[in-house]
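So the structure is just underneath, and the comments pick up after that.
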Amino acid sequence: MNSMQSGYRRVVVKLGTSVLTSGSKCLDKAHMVELARQMAAMMKAGVEVVLVTSGAIAAGREHLNYPSLPDTMANKQLLAAVGQSQLILAWSQLFSIYGLHVGQLLLTRADLHDRERYLNARDTLNALLAQGIVPIINENDAVATAEIKVGDNDNLSARAALLCDADLLLLLTDQKGLFDADPRNNPNARLIPEVQHIDDSLRLLAGGSVSGLGTGGMATKLQAADIARRAGVEVVIASGHHKDVISGAIGGEAVGTRFLALESPLESRKQWILAGPKAHGRILLDDGAVSAVCGKGRSLLSKGIIAVEGKFERGATLELCNNSGRVVARGMCRYGAEALAAIAGKHSDEIEAILGYDYGDAVVHRNDMVVLETGAI
C-alpha cells in the first residue's frame, strides 16, 4: 500500500497511557514495538506519521521503582521530568529497529497561544517530517502548570494535527470507539461506526473518563475530534490493542468510530484561533447577535452584547456565548475588557463618543472568528 492508495498523506497517531501500559503499572514494551512496527510500515509506504505519546509520569514511576510520594504538582512534575527521558529513549530504541530516527517536541499551551511560537513549532514539525524523522510530541509536564497546560493529550493531538496540516488523526485508547450506550454496564451497547455531526446527544454519550489511567476520557476525545474535523482533518477513535489498528485505520478499514471532516475546512488563521489561544474572557450575546454571528456569518457589533466577563486586552481571544452561557463562537476582540463593557449594548456610531477612540464597528470581526454552532440561540 502507498500513500495514494491509503488516501492519507500525513497522520497524527495519539497513544494514551492505557494503551502504552496495557492497563498495567509499567510500559508494555512488547506492545509499543508492535505499534512502532505499524507506524514504520506506514512511513515506508509513503504516509508521514506524527506521534503524540502519553505515559511520561507512568514511565517515571516505573523507573524510580514506584516511590511513595505525596500527590502534589511538584511530584507529578518530578515524575514527568524523569519519565519523559525514559519514554523518548524507549521510542527511540523501538523505532531504530526499523531504521527510523525520532525527534522530540515538548509543548505547552503557551507555545500554541503565541502566533509566532505556533508557527515556529509548525516549522520544526515540517522540518522533521521532510527528513523522514518521526516527530514525537508530548505536553511539557515537567514545567507546565494548570494555567499553561493544554491539559490532556487528546486535545494536544488535535492541535498537533492542525500544526502539521495532517489529514487523519488517530486517537488510540482502551475502548473500541464511541458506543450508543455505556458498554461497561449495557451489554446491548453498539459501536457507532461513523459520525457526521457532533451534537449534545453525542457529548452525553461520551460521558467521563473510562480508564482512570490517563487524563483523557471519551469526552476529551470528542472535543479533540471536533477541533480536528473543523480544520478538515478526519478522526478515528479506536482500540490501541486492535490487531493492526494503525494500518487498518489508515487503509480505510472499518476500525472504531470514524468522524468525517467538514468539507470546507477553516483557513490557517482561524485554525489557530480555534486550537491555539486559551480564551481570556467571555461575551454574552443577545438572540439577535447570535443569529447574526451564527446564522448569517456577520461580525459581532457592540449593540448585541449583554455582558462582558473577564479581564483582557485588545486582541485577546474570547468565547462568544448565547444568553444561557453556551459557547457558540470564538474570536479575537478588537477592544479591551473595560472598553467593551462601556460600549456593550450601544450602537456602533456611539463608540467614539463613549471611548474617545474607535477601532471600527466590529467588536469581533468575522475574519477573526470561528463559529462553533450555526443557529444556536
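Labels used: A, B, ... for chains in the order of the C-alpha cells, numbers from 1 for residues in each chain, and numbers from 1 for ligands as shown.
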Worksheet item: Skipping near chain neighbours, those fewer than 3 positions away, what residues fall within 9 Å of stretch 335-338 of chain A using only C-alpha atoms, listed as a list in words?
Response: Gly281, Val308, Glu309, Gly310, Lys311, Phe312, Glu313, Arg314, Gly315, Ala316, Ala341, Ala342, Ile343, Tyr359, Val363 and Val364 of chain A
Would you output that residue set with N, CA and C atoms, as a compact mmCIF listing (two decimals), in the first residue's frame?
```txt
# COMPACT_ATOMS: atom_id res chain seq x y z
N GLY A 281 -11.64 35.54 28.18
CA GLY A 281 -12.88 36.08 28.71
C GLY A 281 -14.07 35.60 27.90
N VAL A 308 -20.03 41.36 29.69
CA VAL A 308 -18.62 41.07 29.43
C VAL A 308 -18.01 40.46 30.68
N GLU A 309 -17.33 39.32 30.53
CA GLU A 309 -16.73 38.63 31.68
C GLU A 309 -15.23 38.48 31.47
N GLY A 310 -14.45 38.73 32.51
CA GLY A 310 -13.01 38.52 32.46
C GLY A 310 -12.23 39.80 32.26
N LYS A 311 -10.91 39.73 32.49
CA LYS A 311 -10.01 40.85 32.26
C LYS A 311 -9.14 40.51 31.07
N PHE A 312 -9.15 41.35 30.06
CA PHE A 312 -8.37 41.05 28.86
C PHE A 312 -8.02 42.32 28.11
N GLU A 313 -6.99 42.22 27.29
CA GLU A 313 -6.54 43.34 26.48
C GLU A 313 -7.12 43.23 25.08
N ARG A 314 -6.98 44.30 24.32
CA ARG A 314 -7.34 44.28 22.91
C ARG A 314 -6.56 43.18 22.20
N GLY A 315 -7.22 42.41 21.34
CA GLY A 315 -6.56 41.32 20.60
C GLY A 315 -6.66 39.97 21.29
N ALA A 316 -7.27 39.93 22.49
CA ALA A 316 -7.41 38.67 23.22
C ALA A 316 -8.45 37.77 22.54
N ALA A 341 -16.95 46.71 28.02
CA ALA A 341 -18.05 46.85 28.99
C ALA A 341 -18.74 48.21 28.84
N ALA A 342 -17.95 49.22 28.49
CA ALA A 342 -18.50 50.57 28.35
C ALA A 342 -19.39 50.70 27.11
N ILE A 343 -19.08 49.96 26.05
CA ILE A 343 -19.85 50.11 24.81
C ILE A 343 -20.87 48.98 24.60
N TYR A 359 -11.99 51.59 17.11
CA TYR A 359 -11.24 50.58 16.36
C TYR A 359 -12.11 49.93 15.28
N VAL A 363 -16.81 44.56 16.88
CA VAL A 363 -16.11 44.22 18.12
C VAL A 363 -15.25 42.98 17.90
N VAL A 364 -15.85 41.97 17.24
CA VAL A 364 -15.11 40.80 16.77
C VAL A 364 -15.46 40.65 15.29
```
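We find atom CA of A:Gly23 and atom CA of A:Ala219 to be spaced 19.7 Å apart.
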Discussion item. Residues near A:Gly132, anyone? I mean within 8 Å using only C-alpha atoms, not counting same-chain ones fewer than 5 positions away, as a count of residues only.
Written reply: 3
Worksheet item: If you run DSSP on this backbone, which residues of stretch 79-297 of chain A come out as strand (DSSP E), and could you give them as a PyMOL selection string?
Response: chain A and resi 102-107+134-139+168-173+194-195+234-239+257-259+281-285
Discussion item. DSSP on the backbone, helix (DSSP H, G or I) only: what residues of stretch 124-194 of chain A does that give? Format it as a PyMOL selection string.
Written reply: chain A and resi 124-130+153-163
Item to complete: Please provide as a PyMOL selection string all residues within 7 Å of A:Lys14, with the sequence filter that same-chain residues fewer than 2 positions apart are discarded (counting only C-alpha atoms).
Response: chain A and resi 12+16+51-53+157+170-172
Worksheet entry | Coordinates-based distance that separates atom CA of A:Ile136 from atom CA of A:Ile88 (Å, one decimal) | 7.9 Å
Discussion item. Taking 4 positions as the minimum chain separation for residues in the same chain, which residues sit within 7 Å of A:Val233 when counting only C-alpha atoms? Answer as a list in words.
Written reply: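 Within the cut-off, the hits are Ala166, Asp167, Leu168, Leu169, Ala228, Arg229 and Ala261 of chain A.
Nearest to A:His242 of all the residues A:Ala344, A:Leu35, A:Val328, A:Cys294 is A:Leu35, counting only C-alpha atoms.
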Worksheet item: Using only C-alpha atoms, which residue out of A:Ala127, A:Ile351, A:Ala307, A:Ile283 lies closest to A:Glu319?
Response: A:Ile283
Practice prompt. Show which residues sit within 7 Å of stretch 92-99 of chain A, as a list in words. Count only C-alpha atoms, and ignore same-chain residues fewer than 5 positions away.
Written response: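 The contact residues come out as Val33, Ala36 and Ala40 of chain A.
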Save out the residues we just selected, all heavy atoms, as a short mmCIF file (atom, residue, chain, number, x, y, z; two decimals), in the first residue's frame.
```
data_model
loop_
_atom_site.label_atom_id
_atom_site.label_comp_id
_atom_site.auth_asym_id
_atom_site.auth_seq_id
_atom_site.Cartn_x
_atom_site.Cartn_y
_atom_site.Cartn_z
N VAL A 33 6.44 -1.88 20.66
CA VAL A 33 7.21 -2.23 19.45
C VAL A 33 6.27 -2.62 18.31
O VAL A 33 6.55 -2.36 17.14
CB VAL A 33 8.26 -3.34 19.73
CG1 VAL A 33 7.62 -4.72 19.86
CG2 VAL A 33 9.32 -3.37 18.63
N ALA A 36 5.08 0.64 16.96
CA ALA A 36 6.17 1.24 16.19
C ALA A 36 6.31 0.56 14.83
O ALA A 36 6.56 1.21 13.82
CB ALA A 36 7.48 1.15 16.98
N ALA A 40 6.10 2.48 11.34
CA ALA A 40 7.23 2.39 10.42
C ALA A 40 6.79 1.89 9.06
O ALA A 40 7.23 2.39 8.01
CB ALA A 40 8.31 1.48 11.00
#
```
Worksheet item: Between A:Ala45, A:Met32, A:Leu27, A:Ile192, which is the closest to A:Ala58 once you count only C-alpha atoms?
Response: A:Leu27
Worksheet item: What is the atom CA of A:His31-atom CA of A:Pro183 distance in Å, reported with one decimal?
Response: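 Separation of atom CA of A:His31 and atom CA of A:Pro183: 24.2 Å.
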